[in-house]
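Asker: Below is a structure I'd like to ask you about.
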Amino acid sequence: MSELFDVIIIGGGPAGLTAAIYASRGYLKTLVIAGNPAGGQLTLTTDVDNYPGFPEGILGPELIEKFRKQAEKYEATFLDDNVVKVAEISGGFEVETDSGKKFQGKSLLVASGASAKWLNIESEQRLRGKGVSACATCDGFFFRNKNVVVVGGGDSAMEEATYLTKFANKVTILVRGSKEEMRASKIMQQRAFDDPKIEFLFNSQVQEVLGTESVTGLKILNNKTNEVTTLDDVQGLFVAIGHKPNTDYLKDLVELNELGYVKVTDNTKTSKKGIFVGGDVSDFRYRQAITAAGYGCMAAIDAGKYLAGHDH
């Protein structure tokens, strides 16, 4: 029989690690299955200057390392692996990882996050964190007085572009389809169209991100005429084509919404008794390290009350 934990936390980002700090500090036997690679989206971020307590800013991987060390201080157990299956068993849950290991927990805290959807071109991946981003709120400040491009035709792209006008000289939105085919709501479209700093390029997609150490421009393909042009003097590319929650392993166990995010019934509780949730795996609105950490704290407290017989 596998080792029994009070709480198994799935995810090694800000939500999972904050939950681990609270749970282990509360004398709960805690296992964190942190993912492989561990650390979540924050490990793909360079400078983080909006997390409280770091007035000089901090690198994303360094912040994650500090979270983890703090959880380890209170004797949380860590495994850098990915969860592939969760099953309900008598008295709790059994979790299986992609290396074939199985663990049992009296409660489960889901903090596996959401992954940004990317264009999946080599130059984009090479320059992630060097001018290529999927979060304007996180990185917009670093593009003050620069020219940036936003890819996407939905509400997220319009929101990102409008936010970036606070910092950038010019924001160009690339839309794969025509103006009539845009998925964004009419009010969000109009807000972007009315902004003098925003320009649209329709029937357009990124063919290549130019630059070696940082973004210097883009090669753009017009998918209607097949013409390739170059956008020079571009220092930032923001990909805003959506996120995919990491919830495949939870199907048929807890209720998910139409986008695949975990539905929350009350604070951090899910449709399944004993399973709690924190961070971007349920939060598709804010998606910030600080909000994820807050949700992780809440989920750990709720799990503790459940284990003590006081809740859910």
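Following the order of the structure tokens, first chain is A, next is B, and so on, with residues numbered from 1 inside each chain and ligands from 1 in the order they appear.
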Write out as a Markdown table a residue-level contact list of range 189-273 of chain A versus range 294-298 of chain A with cut-off 12 Å: for each qualifying residue the closest pair of atoms and the distance in Å to one decimal, counting only C-alpha atoms, rows sorted by chain and residue number upward.
Answerer:
| residue | atom | partner | partner_atom | distance |
| --- | --- | --- | --- | --- |
| A:Val264 | CA | A:Tyr295 | CA | 11.5 |
| A:Asp266 | CA | A:Met298 | CA | 11.2 |
| A:Asn267 | CA | A:Met298 | CA | 7.8 |
| A:Thr268 | CA | A:Met298 | CA | 6.8 |
| A:Lys269 | CA | A:Met298 | CA | 9.9 |
Asker: Can I get the selection written as a JSON list (two decimals), in the first residue's frame, with C-alpha atoms?
Answerer:
[["chain", "number", "residue", "atom", "x", "y", "z"],
["A", 264, "VAL", "CA", -15.61, 26.42, -8.04],
["A", 266, "ASP", "CA", -17.78, 27.88, -2.84],
["A", 267, "ASN", "CA", -14.47, 29.70, -2.32],
["A", 268, "THR", "CA", -12.01, 26.93, -3.31],
["A", 269, "LYS", "CA", -14.31, 23.91, -3.12]]
Asker: What's the 7 Å shell around range 166-172 of chain A, counting only C-alpha atoms, without same-chain residues fewer than 5 positions away, as a list of chain:residue names?
Answerer: A:Gly140, A:Phe141, A:Phe143, A:Arg144, A:Asn145, A:Lys146, A:Asn147, A:Val148, A:Val149, A:Val150, A:Ala161, A:Lys197, A:Ile198, A:Glu199, A:Phe200
Asker: Per residue of range 146-256 of chain A within 6 Å of range 98-122 of chain A, which atom pair is closest and at what distance in Å (one decimal), using only C-alpha atoms, listed by chain and increasing number, as a Markdown table?
Answerer:
| residue | atom | partner | partner_atom | distance |
| --- | --- | --- | --- | --- |
| A:Gly242 | CA | A:Lys117 | CA | 5.6 |
| A:His243 | CA | A:Ala116 | CA | 4.3 |
| A:Lys244 | CA | A:Ser115 | CA | 5.2 |
| A:Pro245 | CA | A:Ala114 | CA | 3.8 |
| A:Asn246 | CA | A:Ala114 | CA | 5.2 |
Asker: From the list A:Leu63, A:Ala303, A:Val262, A:Leu253, which residue is nearest Glu88 in chain A when using only C-alpha atoms?
Answerer: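 That would be A:Leu253, the residue with the smallest distance to Glu88 in chain A.
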Asker: As a PyMOL selection string, list the residues of range 29-216 of chain A assigned to helix (DSSP H, G or I) by DSSP on the backbone atoms of this structure.
Answerer: chain A and resi 40-44+60-73+122-126+136-143+155-164+179-181+186-194
